[in-house]
file input-v5.tsv (TSV, C-alpha atoms)
chain	number	residue	atom	x	y	z
A	1	MET	CA	100.62	111.15	110.04
A	2	ALA	CA	102.59	108.45	108.25
A	3	SER	CA	100.68	109.15	105.06
A	4	HIS	CA	101.70	112.85	105.22
A	5	ILE	CA	105.36	111.88	105.67
A	6	GLY	CA	105.12	109.46	102.75
A	7	ARG	CA	103.56	112.16	100.57
A	8	ARG	CA	106.36	114.62	101.44
A	9	LYS	CA	108.97	111.98	100.57
A	10	PHE	CA	107.22	111.31	97.27
A	11	LEU	CA	107.16	115.02	96.35
A	12	ALA	CA	110.81	115.44	97.39
A	13	THR	CA	111.75	112.46	95.26
A	14	LEU	CA	109.76	113.83	92.31
A	15	GLY	CA	111.42	117.27	92.67
A	16	GLY	CA	114.85	115.71	92.79
A	17	ALA	CA	114.13	113.69	89.69
A	18	ALA	CA	113.00	116.83	87.83
A	19	ALA	CA	116.16	118.65	88.86
A	20	ALA	CA	118.19	115.75	87.54
A	21	TRP	CA	116.61	115.84	84.07
A	22	PRO	CA	119.26	116.53	81.45
A	23	PHE	CA	119.40	120.20	80.53
A	24	ALA	CA	119.11	119.34	76.84
A	25	VAL	CA	115.77	117.59	77.38
A	26	ARG	CA	114.31	120.58	79.19
A	27	ALA	CA	115.68	122.91	76.51
A	28	GLN	CA	113.66	121.00	73.93
A	29	GLN	CA	110.46	122.04	75.70
A	30	PRO	CA	110.41	125.85	75.41
A	31	ALA	CA	107.41	127.93	76.39
A	32	MET	CA	106.80	128.65	72.71
A	33	PRO	CA	108.32	127.20	69.53
A	34	MET	CA	111.26	129.11	68.10
A	35	ILE	CA	111.82	129.70	64.39
A	36	GLY	CA	115.30	130.49	63.09
A	37	PHE	CA	115.33	133.01	60.22
A	38	LEU	CA	118.62	132.90	58.31
A	39	SER	CA	119.47	135.34	55.52
A	40	GLY	CA	122.53	136.30	53.52
A	41	VAL	CA	121.58	139.97	53.36
A	42	SER	CA	120.71	142.87	55.67
A	43	PRO	CA	117.24	143.30	57.21
A	44	GLY	CA	116.63	146.95	56.29
A	45	PRO	CA	115.55	146.68	52.63
A	46	PHE	CA	113.30	143.67	53.22
A	47	ALA	CA	110.76	144.93	55.77
A	48	GLN	CA	107.83	144.40	53.39
A	49	ARG	CA	108.87	140.82	52.70
A	50	LEU	CA	109.26	140.02	56.40
A	51	ALA	CA	105.79	141.47	57.02
A	52	ALA	CA	104.41	139.14	54.33
A	53	PHE	CA	106.16	136.16	55.96
A	54	ARG	CA	104.60	137.03	59.32
A	55	GLN	CA	101.22	137.37	57.62
A	56	GLY	CA	101.55	133.78	56.37
A	57	LEU	CA	102.40	132.64	59.89
A	58	ASN	CA	99.37	134.52	61.20
A	59	GLU	CA	97.13	132.75	58.68
A	60	THR	CA	98.12	129.44	60.28
A	61	GLY	CA	97.50	130.74	63.81
A	62	PHE	CA	101.01	131.81	64.83
A	63	ILE	CA	101.81	135.36	65.96
A	64	GLU	CA	105.38	136.39	66.68
A	65	GLY	CA	105.89	137.15	70.36
A	66	ARG	CA	102.56	135.60	71.36
A	67	ASN	CA	102.79	131.91	70.53
A	68	VAL	CA	105.96	131.71	68.42
A	69	ALA	CA	109.42	133.28	68.70
A	70	ILE	CA	111.76	134.12	65.82
A	71	GLU	CA	115.55	134.30	66.08
A	72	TYR	CA	116.98	136.33	63.19
A	73	ARG	CA	120.47	135.86	61.78
A	74	TRP	CA	121.63	138.24	59.01
A	75	ALA	CA	124.94	137.74	57.19
A	76	GLU	CA	124.88	141.38	55.96
A	77	GLY	CA	126.15	140.29	52.54
A	78	GLN	CA	129.08	138.35	54.03
A	79	TYR	CA	128.10	134.93	52.73
A	80	ASP	CA	131.06	133.21	54.36
A	81	ARG	CA	129.37	133.88	57.74
A	82	LEU	CA	126.30	131.81	56.86
A	83	PRO	CA	127.60	128.35	57.92
A	84	ALA	CA	128.42	129.62	61.42
A	85	LEU	CA	125.08	131.43	61.69
A	86	ALA	CA	123.23	128.28	60.62
A	87	THR	CA	125.15	126.21	63.17
A	88	ASP	CA	124.27	128.74	65.84
A	89	LEU	CA	120.55	128.39	65.08
A	90	VAL	CA	120.84	124.60	65.24
A	91	GLY	CA	122.54	124.94	68.63
A	92	ARG	CA	119.65	127.07	69.86
A	93	ARG	CA	117.32	124.17	69.06
A	94	VAL	CA	114.99	126.06	66.77
A	95	VAL	CA	112.12	123.91	65.50
A	96	VAL	CA	112.19	125.28	61.93
A	97	ILE	CA	114.82	127.19	59.93
A	98	VAL	CA	113.61	129.65	57.30
A	99	ALA	CA	116.43	130.40	54.84
A	100	TYR	CA	116.32	133.38	52.48
A	101	THR	CA	118.83	133.47	49.57
A	102	ASN	CA	120.49	130.57	47.80
A	103	ALA	CA	123.58	130.63	50.01
A	104	ALA	CA	121.51	130.69	53.21
A	105	ALA	CA	119.47	127.70	52.07
A	106	LEU	CA	122.61	125.72	51.26
A	107	ALA	CA	124.16	126.63	54.63
A	108	ALA	CA	121.03	125.52	56.48
A	109	LYS	CA	120.90	122.23	54.56
A	110	ALA	CA	124.56	121.57	55.42
A	111	ALA	CA	123.98	122.38	59.10
A	112	THR	CA	121.15	119.94	59.83
A	113	THR	CA	119.48	116.86	58.41
A	114	THR	CA	116.74	116.76	61.06
A	115	ILE	CA	115.41	120.28	61.71
A	116	PRO	CA	112.81	121.23	59.07
A	117	ILE	CA	113.95	123.90	56.60
A	118	VAL	CA	111.77	126.25	54.54
A	119	PHE	CA	113.79	128.05	51.87
A	120	LEU	CA	113.15	131.16	49.78
A	121	VAL	CA	115.37	131.12	46.69
A	122	GLY	CA	115.45	132.74	43.27
A	123	ASP	CA	117.16	129.83	41.55
A	124	ASP	CA	116.16	126.29	40.60
A	125	PRO	CA	116.29	124.36	43.93
A	126	VAL	CA	116.89	121.08	42.10
A	127	ARG	CA	119.93	122.52	40.29
A	128	LEU	CA	121.17	123.95	43.58
A	129	GLY	CA	120.98	120.49	45.15
A	130	LEU	CA	118.46	121.53	47.79
A	131	VAL	CA	115.73	119.06	46.80
A	132	ALA	CA	115.37	115.92	44.72
A	133	SER	CA	112.38	117.30	42.82
A	134	LEU	CA	109.85	120.10	43.14
A	135	ALA	CA	106.91	117.73	43.62
A	136	ARG	CA	108.72	115.47	46.11
A	137	PRO	CA	111.44	117.49	47.86
A	138	GLY	CA	112.27	114.66	50.27
A	139	GLU	CA	114.19	114.76	53.54
A	140	ASN	CA	113.75	117.76	55.87
A	141	ILE	CA	113.51	120.60	53.36
A	142	THR	CA	110.98	122.39	51.16
A	143	GLY	CA	110.12	125.98	50.35
A	144	VAL	CA	109.37	128.55	47.68
A	145	SER	CA	111.35	129.29	44.53
A	146	TRP	CA	110.70	132.15	42.13
A	147	PHE	CA	113.06	130.64	39.60
A	148	GLY	CA	112.08	131.54	36.05
A	149	ALA	CA	114.44	130.88	33.17
A	150	ASP	CA	112.61	133.29	30.85
A	151	LEU	CA	112.29	136.22	33.27
A	152	GLU	CA	115.40	138.13	32.19
A	153	THR	CA	114.66	137.54	28.51
A	154	LYS	CA	111.15	138.96	28.99
A	155	GLN	CA	112.69	141.98	30.73
A	156	LEU	CA	115.09	142.44	27.82
A	157	SER	CA	112.18	142.33	25.37
A	158	LEU	CA	110.21	144.93	27.34
A	159	LEU	CA	113.24	147.20	27.58
A	160	HIS	CA	113.86	146.89	23.83
A	161	GLU	CA	110.24	147.87	23.20
A	162	LEU	CA	110.65	150.89	25.47
A	163	VAL	CA	114.07	151.97	24.12
A	164	PRO	CA	114.16	150.59	20.55
A	165	ASN	CA	117.16	152.72	19.52
A	166	ALA	CA	119.49	151.26	22.15
A	167	ALA	CA	121.80	148.92	20.20
A	168	VAL	CA	123.94	148.06	23.25
A	169	ILE	CA	122.27	146.89	26.44
A	170	ALA	CA	124.02	146.12	29.72
A	171	LEU	CA	123.07	143.28	32.08
A	172	LEU	CA	124.04	143.84	35.72
A	173	VAL	CA	124.16	140.56	37.62
A	174	ASP	CA	125.28	139.00	40.86
A	175	LEU	CA	126.54	135.62	39.71
A	176	ASN	CA	125.92	134.30	43.24
A	177	ALA	CA	122.21	134.67	42.44
A	178	LEU	CA	122.02	134.36	38.66
A	179	PRO	CA	123.73	131.26	37.25
A	180	ALA	CA	125.82	131.46	34.10
A	181	ALA	CA	123.27	129.36	32.17
A	182	ARG	CA	120.64	132.07	32.58
A	183	VAL	CA	123.11	134.75	31.53
A	184	SER	CA	123.71	132.70	28.37
A	185	GLN	CA	119.96	132.66	27.70
A	186	VAL	CA	119.83	136.46	27.88
A	187	GLU	CA	122.83	136.70	25.54
A	188	ALA	CA	121.03	134.45	23.05
A	189	ALA	CA	117.86	136.55	23.33
A	190	ALA	CA	119.88	139.72	22.73
A	191	ARG	CA	121.45	138.24	19.58
A	192	ALA	CA	117.98	137.29	18.31
A	193	LEU	CA	116.92	140.93	18.69
A	194	GLY	CA	120.09	142.16	16.97
A	195	LEU	CA	121.44	143.67	20.18
A	196	GLN	CA	124.87	143.65	21.78
A	197	LEU	CA	124.78	142.58	25.44
A	198	VAL	CA	127.43	143.72	27.93
A	199	VAL	CA	127.47	141.57	31.08
A	200	LEU	CA	128.59	143.31	34.29
A	201	ASN	CA	129.07	141.35	37.52
A	202	ALA	CA	128.67	142.86	40.99
A	203	ARG	CA	129.29	141.00	44.24
A	204	ILE	CA	130.06	143.91	46.59
A	205	PRO	CA	128.82	147.55	46.66
A	206	SER	CA	131.96	149.00	45.04
A	207	ASP	CA	131.46	146.63	42.07
A	208	ILE	CA	128.26	148.50	41.22
A	209	ASP	CA	130.10	151.80	40.76
A	210	ILE	CA	132.69	150.03	38.60
A	211	ALA	CA	129.90	148.39	36.57
A	212	PHE	CA	128.28	151.73	35.76
A	213	ALA	CA	131.65	153.15	34.70
A	214	SER	CA	131.99	150.20	32.31
A	215	LEU	CA	128.42	150.68	31.11
A	216	VAL	CA	129.19	154.30	30.17
A	217	ARG	CA	132.48	153.29	28.53
A	218	GLU	CA	130.70	150.64	26.44
A	219	ARG	CA	128.06	153.22	25.42
A	220	ALA	CA	125.18	151.06	26.63
A	221	GLY	CA	121.84	152.71	25.95
A	222	ALA	CA	119.82	150.73	28.49
A	223	LEU	CA	120.24	148.37	31.43
A	224	VAL	CA	118.70	145.14	32.70
A	225	VAL	CA	119.28	144.66	36.44
A	226	GLY	CA	119.32	140.97	37.34
A	227	GLY	CA	117.64	139.42	40.33
A	228	GLY	CA	119.08	138.49	43.68
A	229	ALA	CA	118.90	139.78	47.21
A	230	PHE	CA	122.25	141.58	47.08
A	231	LEU	CA	121.38	143.83	44.16
A	232	LEU	CA	117.94	144.49	45.63
A	233	SER	CA	119.53	145.51	48.91
A	234	ARG	CA	121.60	148.08	46.93
A	235	ARG	CA	118.66	149.42	44.95
A	236	ASP	CA	119.07	153.02	46.19
A	237	GLN	CA	122.63	153.03	44.87
A	238	ILE	CA	121.63	151.45	41.53
A	239	ILE	CA	118.63	153.74	40.96
A	240	ALA	CA	120.73	156.82	41.78
A	241	LEU	CA	123.47	155.78	39.35
A	242	ALA	CA	120.93	155.04	36.60
A	243	ALA	CA	119.43	158.51	37.10
A	244	ARG	CA	122.85	160.20	37.17
A	245	HIS	CA	123.86	158.60	33.88
A	246	ALA	CA	120.34	158.88	32.36
A	247	ILE	CA	120.20	155.13	31.68
A	248	PRO	CA	116.74	153.58	31.18
A	249	ALA	CA	116.68	150.43	33.30
A	250	ILE	CA	114.36	147.51	33.95
A	251	TYR	CA	114.38	145.61	37.22
A	252	GLY	CA	113.03	142.34	38.56
A	253	PHE	CA	111.18	143.57	41.64
A	254	ARG	CA	108.47	146.15	42.29
A	255	GLU	CA	110.55	147.76	45.07
A	256	TYR	CA	112.81	149.29	42.42
A	257	SER	CA	109.99	151.09	40.59
A	258	ALA	CA	108.41	152.18	43.86
A	259	ASP	CA	111.73	153.78	44.84
A	260	GLY	CA	112.22	155.62	41.56
A	261	GLY	CA	113.33	152.95	39.07
A	262	LEU	CA	111.89	153.21	35.56
A	263	ILE	CA	110.17	149.86	35.09
A	264	SER	CA	110.03	146.47	36.79
A	265	TYR	CA	108.74	143.09	35.72
A	266	GLY	CA	108.92	139.95	37.79
A	267	ASN	CA	107.37	137.65	40.33
A	268	HIS	CA	105.16	139.02	43.09
A	269	ILE	CA	107.73	138.30	45.80
A	270	PRO	CA	105.72	139.32	48.92
A	271	ASP	CA	103.23	136.57	48.06
A	272	SER	CA	106.11	134.07	47.98
A	273	PHE	CA	107.15	135.17	51.48
A	274	ARG	CA	103.56	134.84	52.66
A	275	ARG	CA	103.44	131.30	51.30
A	276	ALA	CA	106.73	130.50	53.07
A	277	GLY	CA	105.07	131.72	56.29
A	278	VAL	CA	102.13	129.41	55.65
A	279	TYR	CA	104.48	126.45	55.07
A	280	THR	CA	106.35	127.27	58.28
A	281	GLY	CA	103.09	127.37	60.23
A	282	ARG	CA	101.99	124.04	58.75
A	283	ILE	CA	105.29	122.45	59.79
A	284	LEU	CA	104.86	123.86	63.31
A	285	LYS	CA	101.50	122.08	63.35
A	286	GLY	CA	103.06	118.77	62.38
A	287	ASP	CA	103.30	118.63	58.58
A	288	LYS	CA	106.52	117.13	57.20
A	289	PRO	CA	108.61	119.13	54.71
A	290	ALA	CA	108.99	116.06	52.52
A	291	ASP	CA	105.20	116.07	51.99
A	292	LEU	CA	105.04	119.76	50.97
A	293	PRO	CA	105.86	120.36	47.27
A	294	VAL	CA	108.15	123.29	46.47
A	295	GLU	CA	105.91	126.21	45.56
A	296	GLN	CA	106.47	128.48	42.58
A	297	PRO	CA	104.81	131.86	42.12
A	298	THR	CA	101.84	132.28	39.83
A	299	LYS	CA	101.64	136.08	40.19
A	300	PHE	CA	103.75	138.39	38.02
A	301	GLU	CA	103.64	142.17	37.96
A	302	LEU	CA	104.65	144.95	35.60
A	303	VAL	CA	105.16	148.35	37.26
A	304	ILE	CA	106.01	151.55	35.39
A	305	ASN	CA	107.20	154.78	36.96
A	306	LEU	CA	106.00	157.52	34.60
A	307	LYS	CA	107.70	160.24	36.65
A	308	THR	CA	111.06	158.60	35.97
A	309	ALA	CA	110.17	158.07	32.31
A	310	LYS	CA	109.44	161.78	31.97
A	311	ALA	CA	112.77	162.68	33.62
A	312	LEU	CA	114.51	160.46	31.04
A	313	GLY	CA	112.53	161.94	28.18
A	314	LEU	CA	110.91	158.60	27.37
A	315	ALA	CA	107.39	158.13	26.05
A	316	VAL	CA	105.97	154.89	27.43
A	317	PRO	CA	103.74	153.25	24.79
A	318	SER	CA	100.08	153.28	25.78
A	319	SER	CA	99.92	149.54	25.05
A	320	MET	CA	102.56	148.92	27.72
A	321	GLN	CA	100.74	151.14	30.20
A	322	TRP	CA	97.54	149.17	29.63
A	323	LEU	CA	99.41	145.94	30.39
A	324	ALA	CA	100.93	147.33	33.59
A	325	ASP	CA	99.65	146.17	36.96
A	326	GLU	CA	100.61	149.55	38.40
A	327	VAL	CA	101.54	152.92	36.92
A	328	ILE	CA	103.29	155.33	39.25
A	329	GLU	CA	102.71	158.98	38.27

call {"tool": "encode", "arguments": {"input": "input-v5.tsv", "output": "structure tokens"}}
result
Amino acid sequence: MASHIGRRKFLATLGGAAAAWPFAVRAQQPAMPMIGFLSGVSPGPFAQRLAAFRQGLNETGFIEGRNVAIEYRWAEGQYDRLPALATDLVGRRVVVIVAYTNAAALAAKAATTTIPIVFLVGDDPVRLGLVASLARPGENITGVSWFGADLETKQLSLLHELVPNAAVIALLVDLNALPAARVSQVEAAARALGLQLVVLNARIPSDIDIAFASLVRERAGALVVGGGAFLLSRRDQIIALAARHAIPAIYGFREYSADGGLISYGNHIPDSFRRAGVYTGRILKGDKPADLPVEQPTKFELVINLKTAKALGLAVPSSMQWLADEVIE
């Protein structure tokens, strides 16, 4: 009888001790790990990229809703909201933060020095101050960068081949995503080809309408659309304006050509998101960000929309069609 009483006292004591555990300690032991996904843009235009990210997670054994949870935070283009959104994720004790866009990555880095961060950026992460080097990122951060200094110059060259009579070419950029140094490289490439380059900056949707008005006023005969999540999120608006003004345009992402844009050349971005998912899964399994080199894409793709070319009255050289990874008819 005494042993039963002693056992009850022991269990009561154990239960009381559990109830007295600090809430923060118990909060650090969730039923499943939680990833924080932080982005400067809106979710709608990026469904394919998110699916690729989840695929990478799946490859490492993690399935959203089954053995991992994801808390999404979207700044909807309002970059000044990112620091508060990053702080909110830190407060929710996520085990990894995935940051998409330059500004989101910088906000995440400023918000925590301990929670692992996996970034997805289109700029040089060393220049941005995210990592010490690509091979040895250091600290709590690594990721994927599709930075390529020659990408816009290659696009300019392809566009010149497609529209050789266009003496004035416009470059539409979001300077939040495309640094001035890369714009200077495109200007130098244009001069080498004997072309005049008109640089148009767009940071908010209304800027895009203003940019096209300037493009028409400057009599630009073709358009290079720079990279960045903001411009991609406004691709329907940009493609519609290019069609309305009959402006041949080249873009950096396949999504543009798939949605009616003339031609696109750039990195295979879904594969970058898949790799970010793999890195996130590896960190969930115990790998340290400092030991994971920043990845850069090795896949590039040229996509041509022949239906749009026909609407513009353009004949796409057969040599360019042969080089294309995909021709949309």

call {"tool": "residues_around", "arguments": {"input": "input-v5.tsv", "residues": "stretch 224-240 of chain A", "least_positions_apart": "2", "cutoff": "7 Å", "atoms": "all atoms listed in the file", "output": "list of chain:residue names"}}
result
A:Val41, A:Pro45, A:Gly77, A:Thr101, A:Gly122, A:Leu156, A:Ala170, A:Leu171, A:Leu172, A:Val173, A:Asp174, A:Ala177, A:Leu178, A:Ala242, A:Ala243, A:Arg244, A:Ala249, A:Ile250, A:Tyr251, A:Gly252, A:Tyr256, A:Gly260, A:Gly261

call {"tool": "atom_distance", "arguments": {"input": "input-v5.tsv", "atom1": "atom CA of A:Ala222", "atom2": "atom CA of A:Leu162"}}
result
9.7 Å

call {"tool": "closest_residue", "arguments": {"input": "input-v5.tsv", "among": "A:Ala181, A:Ala51, A:Ala258, A:Ile169", "to": "A:Ser214", "atoms": "only C-alpha atoms"}}
result
A:Ile169

call {"tool": "closest_residue", "arguments": {"input": "input-v5.tsv", "among": "A:Leu193, A:Ala188, A:Ala166, A:Ile35", "to": "A:Ile63", "atoms": "all atoms listed in the file"}}
result
A:Ile35

call {"tool": "atom_distance", "arguments": {"input": "input-v5.tsv", "atom1": "atom CA of A:Arg127", "atom2": "atom CA of A:Glu152"}}
result
18.2 Å

call {"tool": "residues_around", "arguments": {"input": "input-v5.tsv", "residues": "A:Glu64", "least_positions_apart": "4", "cutoff": "12 Å", "atoms": "only C-alpha atoms", "output": "mmCIF file with C-alpha atoms, keeping the file's coordinate frame"}}
result
data_model
loop_
_atom_site.group_PDB
_atom_site.id
_atom_site.type_symbol
_atom_site.label_atom_id
_atom_site.label_comp_id
_atom_site.auth_asym_id
_atom_site.auth_seq_id
_atom_site.Cartn_x
_atom_site.Cartn_y
_atom_site.Cartn_z
ATOM 1 C CA MET A 32 106.800 128.650 72.710
ATOM 2 C CA PRO A 33 108.320 127.200 69.530
ATOM 3 C CA MET A 34 111.260 129.110 68.100
ATOM 4 C CA ILE A 35 111.820 129.700 64.390
ATOM 5 C CA LEU A 50 109.260 140.020 56.400
ATOM 6 C CA ALA A 51 105.790 141.470 57.020
ATOM 7 C CA PHE A 53 106.160 136.160 55.960
ATOM 8 C CA ARG A 54 104.600 137.030 59.320
ATOM 9 C CA GLN A 55 101.220 137.370 57.620
ATOM 10 C CA GLY A 56 101.550 133.780 56.370
ATOM 11 C CA LEU A 57 102.400 132.640 59.890
ATOM 12 C CA ASN A 58 99.370 134.520 61.200
ATOM 13 C CA THR A 60 98.120 129.440 60.280
ATOM 14 C CA VAL A 68 105.960 131.710 68.420
ATOM 15 C CA ALA A 69 109.420 133.280 68.700
ATOM 16 C CA ILE A 70 111.760 134.120 65.820
ATOM 17 C CA GLU A 71 115.550 134.300 66.080
ATOM 18 C CA GLY A 277 105.070 131.720 56.290
ATOM 19 C CA GLY A 281 103.090 127.370 60.230
#

call {"tool": "closest_residue", "arguments": {"input": "input-v5.tsv", "among": "A:Ala108, A:Ala315, A:Leu292, A:Ser133", "to": "A:Pro164", "atoms": "only C-alpha atoms"}}
result
A:Ala315
